[in-house]
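J.: Take a look at this one; I'll ask things after.
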Amino acid sequence: MKTTFLYIHGLGSDRHSRKFLNVKEYFKDEFAYDFIEWKNESNIYELLNKAELKLQNTNKPILFGDSTGANFAYQLRERLLEHGKESILILSSPLLDIDERIADFEFPKEILPQLKQYRNPKNTMIIATQSDSVLNQKWLFEKNLENVHLIEVNDNHRLENFKESLEEIRNYIKENR
């Protein structure tokens with residue numbers, strides 16, 4: 001049985017996220033791919049419940065969250081851990097603390113109460129840039145984080161050069177299987 005690779009997109013994206021398509025193109029048929037597609041009005045708690053049920057019988061799934069989706073992926077990982085289920089967590093341009101948001105466009109009010117704050121992320125891979133114009137990510141690079149494989153990229157919030165990180169993602173998955 002193939003390992004499940006669950007992708008959670010960021011704000012304004014969907015199942016056709018460029019990063020998700022890059023992952024599927026790179027890893028080909030190595031994984032069973034799934035996604036959580038959400039909209040501003042979505043009940044994230046319910047979507048995470050459904051994902052948790054789907055992952056119940058999978059062995060160490062890979063959870064990948066991008067931007068706002070990284071917050072939801074972290075929440076899902078924590079929920080799985082509460083039930084004794086391990087997973088591999090990978091986050092890109094993660095929204096781990098809404099107070100670190102620096103973008104000048106309004107964030108959807110429906111999503112705000114569904115976010116959690118993670119000031120000390122641990123046991124994860126994070127791909128981020130210190131020149132992010134949407135989220136201040138500098139704090140991630142200034143903290144001593146527990147078991148975090150932090151990749152600093154010279155890019156923007158959207159990680160236009162995401163494909164360059166795929167080999168390192170592969171290595172991280174291999175090391176944590």
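Just so we're on the same page: first chain in the structure tokens is A, next is B, and so on; residues restart at 1 for each chain, and ligands are numbered from 1 in the order they show up.
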Determine, for each residue of segment 90-160 of chain A having at least one atom at most 7 Å from an atom of segment 56-73 of chain A, the closest pair of atoms and their separation in Å to one decimal, counting only C-alpha atoms; order by chain and ascending number, as JSON lines.
T.:
```
{"residue": "A:Ile90", "atom": "CA", "partner": "A:Phe64", "partner_atom": "CA", "distance": 4.7}
{"residue": "A:Leu91", "atom": "CA", "partner": "A:Gly65", "partner_atom": "CA", "distance": 5.0}
{"residue": "A:Ser92", "atom": "CA", "partner": "A:Asp66", "partner_atom": "CA", "distance": 4.8}
{"residue": "A:Ser93", "atom": "CA", "partner": "A:Ser67", "partner_atom": "CA", "distance": 4.9}
{"residue": "A:Pro94", "atom": "CA", "partner": "A:Ser67", "partner_atom": "CA", "distance": 4.2}
{"residue": "A:Leu95", "atom": "CA", "partner": "A:Ser67", "partner_atom": "CA", "distance": 5.0}
{"residue": "A:Leu96", "atom": "CA", "partner": "A:Asn71", "partner_atom": "CA", "distance": 5.6}
{"residue": "A:Leu115", "atom": "CA", "partner": "A:Asn71", "partner_atom": "CA", "distance": 6.5}
{"residue": "A:Lys116", "atom": "CA", "partner": "A:Asn71", "partner_atom": "CA", "distance": 6.8}
```
J.: Of the residues A:Asp132, A:Asp14, A:Glu167, A:Asp155, which is the one nearest to Asn40 of chain A, using only C-alpha atoms?
T.: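 Looking at the shortest contact to Asn40 of chain A, the residue is A:Asp14.
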J.: According to DSSP computed on the backbone, where in segment 93-153 of chain A is there alpha helix (DSSP H)? Give the residues as an MDAnalysis selection string.
T.: chainID A and resid 138:142
J.: Write out as a PyMOL selection string which residues come within 12 Å of segment 53-55 of chain A when counting only C-alpha atoms, dropping same-chain ones fewer than 3 positions away.
T.: chain A and resi 3-6+32-36+46-50+58-63+76-77+79-81+83+85-87
J.: Please indicate the distance in Å from atom CA of Ile127 of chain A to atom CA of Glu160 of chain A, rounded to one decimal place.
T.: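 Answer for the atom CA of Ile127 of chain A to atom CA of Glu160 of chain A separation: 12.2 Å.
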J.: Using only C-alpha atoms, which residue out of A:Arg177, A:Lys109, A:Arg119, A:Arg101 lies closest to Leu135 of chain A?
T.: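 Looking at the shortest contact to Leu135 of chain A, the residue is A:Arg101.
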J.: Find the residues around Asn156 of chain A up to 10 Å (only C-alpha atoms counted), leave out those fewer than 3 positions away in its own chain, and share them as a list in words.
T.: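 Listing them by chain and then by number gives Ser93, Ala128, Thr129, Gln130, Ser131, Asp132, Ser133, Val134, Val153, Leu159, Glu160 and Asn161 of chain A.
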J.: Could you take the residues named above and write them with all heavy atoms, as a compact mmCIF listing (two decimals), in the first residue's frame?
T.:
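Just written: selection32.txt:
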```txt
# COMPACT_ATOMS: atom_id res chain seq x y z
N SER A 93 6.19 28.26 3.46
CA SER A 93 5.73 29.63 3.78
C SER A 93 4.61 29.58 4.83
O SER A 93 3.53 30.12 4.62
CB SER A 93 5.23 30.35 2.52
OG SER A 93 6.26 30.50 1.59
N ALA A 128 11.00 28.24 3.91
CA ALA A 128 10.58 29.63 4.08
C ALA A 128 11.65 30.58 3.58
O ALA A 128 12.81 30.20 3.41
CB ALA A 128 10.28 29.90 5.56
N THR A 129 11.24 31.81 3.38
CA THR A 129 12.15 32.87 2.97
C THR A 129 12.07 34.02 3.97
O THR A 129 10.98 34.32 4.48
CB THR A 129 11.83 33.38 1.55
OG1 THR A 129 12.72 34.45 1.23
CG2 THR A 129 10.38 33.85 1.41
N GLN A 130 13.18 34.63 4.23
CA GLN A 130 13.19 35.78 5.13
C GLN A 130 12.72 37.05 4.41
O GLN A 130 12.49 38.07 5.05
CB GLN A 130 14.59 35.99 5.73
CG GLN A 130 14.95 34.86 6.69
CD GLN A 130 16.10 35.21 7.59
OE1 GLN A 130 16.06 36.21 8.29
NE2 GLN A 130 17.13 34.38 7.57
N SER A 131 12.54 36.97 3.09
CA SER A 131 12.06 38.13 2.34
C SER A 131 10.59 37.96 1.94
O SER A 131 10.13 38.54 0.96
CB SER A 131 12.94 38.35 1.10
OG SER A 131 12.98 37.19 0.31
N ASP A 132 9.86 37.21 2.72
CA ASP A 132 8.43 36.98 2.50
C ASP A 132 7.68 38.31 2.71
O ASP A 132 7.85 38.96 3.74
CB ASP A 132 7.94 35.93 3.51
CG ASP A 132 6.57 35.37 3.17
OD1 ASP A 132 5.67 36.16 2.84
OD2 ASP A 132 6.40 34.14 3.29
N SER A 133 6.86 38.71 1.76
CA SER A 133 6.13 39.97 1.87
C SER A 133 4.71 39.79 2.42
O SER A 133 3.99 40.75 2.60
CB SER A 133 6.06 40.67 0.51
OG SER A 133 5.37 39.85 -0.41
N VAL A 134 4.33 38.55 2.70
CA VAL A 134 3.00 38.27 3.25
C VAL A 134 3.10 37.96 4.74
O VAL A 134 2.28 38.41 5.54
CB VAL A 134 2.33 37.10 2.49
CG1 VAL A 134 1.00 36.71 3.12
CG2 VAL A 134 2.14 37.47 1.02
N VAL A 153 15.09 29.68 1.66
CA VAL A 153 15.18 29.85 0.21
C VAL A 153 15.20 31.34 -0.12
O VAL A 153 14.65 32.16 0.61
CB VAL A 153 14.00 29.15 -0.51
CG1 VAL A 153 14.10 27.64 -0.38
CG2 VAL A 153 12.66 29.64 0.00
N LEU A 159 6.86 31.07 -3.27
CA LEU A 159 7.94 30.10 -3.56
C LEU A 159 7.93 29.71 -5.04
O LEU A 159 7.69 28.57 -5.40
CB LEU A 159 7.83 28.87 -2.66
CG LEU A 159 7.93 29.12 -1.15
CD1 LEU A 159 7.83 27.81 -0.37
CD2 LEU A 159 9.21 29.86 -0.78
N GLU A 160 8.19 30.70 -5.86
CA GLU A 160 8.22 30.50 -7.32
C GLU A 160 9.23 29.43 -7.73
O GLU A 160 9.06 28.77 -8.75
CB GLU A 160 8.53 31.82 -8.03
CG GLU A 160 7.56 32.95 -7.73
CD GLU A 160 6.14 32.72 -8.21
OE1 GLU A 160 5.94 31.94 -9.15
OE2 GLU A 160 5.23 33.34 -7.63
N ASN A 161 10.29 29.28 -6.93
CA ASN A 161 11.33 28.29 -7.24
C ASN A 161 11.15 27.01 -6.42
O ASN A 161 12.11 26.32 -6.11
CB ASN A 161 12.72 28.89 -6.98
CG ASN A 161 12.97 30.10 -7.85
OD1 ASN A 161 12.72 30.07 -9.05
ND2 ASN A 161 13.43 31.18 -7.24
```
J.: How would you write, as a ChimeraX atom specification, the set of residues in segment 24-173 of chain A that DSSP gives as strand (DSSP E)?
T.: /A:31-36,62-66,88-92,124-128,148-152
J.: The selected residues should be written to file as a compact mmCIF listing (two decimals), in the first residue's frame (atoms: N, CA, C and O atoms).
T.:
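File written: part13.txt
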```txt
# COMPACT_ATOMS: atom_id res chain seq x y z
N PHE A 31 3.40 7.93 -4.36
CA PHE A 31 2.45 8.12 -3.26
C PHE A 31 1.01 8.02 -3.75
O PHE A 31 0.73 8.16 -4.94
N ALA A 32 0.11 7.83 -2.80
CA ALA A 32 -1.33 7.98 -3.05
C ALA A 32 -1.65 9.42 -2.66
O ALA A 32 -1.51 9.80 -1.49
N TYR A 33 -2.01 10.25 -3.61
CA TYR A 33 -2.21 11.68 -3.36
C TYR A 33 -3.64 11.98 -2.94
O TYR A 33 -4.59 11.42 -3.45
N ASP A 34 -3.74 12.91 -1.99
CA ASP A 34 -5.03 13.39 -1.54
C ASP A 34 -4.85 14.87 -1.20
O ASP A 34 -3.73 15.36 -1.14
N PHE A 35 -5.94 15.55 -0.98
CA PHE A 35 -5.86 16.98 -0.67
C PHE A 35 -7.06 17.37 0.17
O PHE A 35 -8.07 16.66 0.22
N ILE A 36 -6.90 18.48 0.86
CA ILE A 36 -8.04 19.12 1.52
C ILE A 36 -8.24 20.43 0.77
O ILE A 36 -7.35 21.27 0.74
N ILE A 62 2.08 11.55 4.88
CA ILE A 62 2.82 12.79 4.71
C ILE A 62 1.80 13.91 4.61
O ILE A 62 0.90 13.86 3.76
N LEU A 63 1.93 14.90 5.48
CA LEU A 63 1.05 16.06 5.47
C LEU A 63 1.85 17.24 4.97
O LEU A 63 2.90 17.56 5.52
N PHE A 64 1.37 17.88 3.94
CA PHE A 64 2.06 19.04 3.38
C PHE A 64 1.09 20.22 3.39
O PHE A 64 0.01 20.14 2.81
N GLY A 65 1.47 21.30 4.06
CA GLY A 65 0.63 22.48 4.11
C GLY A 65 1.36 23.70 3.60
O GLY A 65 2.53 23.91 3.94
N ASP A 66 0.68 24.48 2.79
CA ASP A 66 1.25 25.70 2.23
C ASP A 66 0.55 26.92 2.82
O ASP A 66 -0.68 27.00 2.79
N ILE A 88 4.41 12.57 8.81
CA ILE A 88 5.54 13.41 8.40
C ILE A 88 4.93 14.75 7.98
O ILE A 88 4.03 14.79 7.15
N LEU A 89 5.42 15.83 8.60
CA LEU A 89 4.85 17.15 8.35
C LEU A 89 5.84 18.02 7.59
O LEU A 89 6.99 18.18 8.01
N ILE A 90 5.38 18.60 6.49
CA ILE A 90 6.18 19.51 5.68
C ILE A 90 5.36 20.78 5.47
O ILE A 90 4.19 20.72 5.07
N LEU A 91 5.99 21.93 5.74
CA LEU A 91 5.29 23.21 5.65
C LEU A 91 6.06 24.16 4.73
O LEU A 91 7.29 24.24 4.81
N SER A 92 5.34 24.88 3.90
CA SER A 92 5.99 25.88 3.06
C SER A 92 5.34 27.24 3.33
O SER A 92 4.12 27.34 3.46
N THR A 124 9.23 18.91 12.18
CA THR A 124 8.70 19.24 10.86
C THR A 124 9.81 19.75 9.95
O THR A 124 10.89 20.11 10.41
N MET A 125 9.51 19.78 8.68
CA MET A 125 10.36 20.46 7.70
C MET A 125 9.65 21.74 7.33
O MET A 125 8.44 21.73 7.08
N ILE A 126 10.38 22.85 7.32
CA ILE A 126 9.81 24.13 6.94
C ILE A 126 10.65 24.74 5.82
O ILE A 126 11.87 24.82 5.93
N ILE A 127 9.96 25.15 4.77
CA ILE A 127 10.59 25.85 3.66
C ILE A 127 10.08 27.29 3.73
O ILE A 127 8.87 27.52 3.65
N ALA A 128 11.00 28.24 3.91
CA ALA A 128 10.58 29.63 4.08
C ALA A 128 11.65 30.58 3.58
O ALA A 128 12.81 30.20 3.41
N VAL A 148 13.45 20.69 13.86
CA VAL A 148 12.89 21.34 12.67
C VAL A 148 13.98 21.42 11.61
O VAL A 148 15.06 21.94 11.87
N HIS A 149 13.68 20.86 10.46
CA HIS A 149 14.58 20.96 9.31
C HIS A 149 14.14 22.21 8.54
O HIS A 149 13.15 22.18 7.81
N LEU A 150 14.84 23.32 8.78
CA LEU A 150 14.46 24.61 8.22
C LEU A 150 15.29 24.90 6.97
O LEU A 150 16.52 24.95 7.03
N ILE A 151 14.61 25.07 5.87
CA ILE A 151 15.26 25.38 4.61
C ILE A 151 14.98 26.84 4.29
O ILE A 151 13.83 27.24 4.10
N GLU A 152 16.04 27.62 4.24
CA GLU A 152 15.89 29.02 3.83
C GLU A 152 16.08 29.11 2.33
O GLU A 152 17.09 28.65 1.80
```
J.: Atom CA of Glu30 of chain A and atom CA of Glu52 of chain A are how many Å apart?
T.: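 Interatomic distance, atom CA of Glu30 of chain A to atom CA of Glu52 of chain A: 21.5 Å.
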J.: Mind giving me the straight-line distance from atom CA of Glu175 of chain A to atom CA of Glu82 of chain A in Å, one decimal?
T.: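 These two atoms are separated by 22.8 Å.
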J.: Of the candidates A:Glu110, A:Glu37, A:Asp99, A:Glu146, which shows the shortest atom-to-atom distance to Gly10 of chain A, using only C-alpha atoms?
T.: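 Result for the nearest residue to Gly10 of chain A: A:Glu37.
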J.: Nearest residue to Phe141 of chain A out of A:Ile44, A:Glu168, A:Asn120, A:Arg158, using only C-alpha atoms?
T.: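 Once distances to Phe141 of chain A are computed over only C-alpha atoms, the minimum belongs to A:Asn120.
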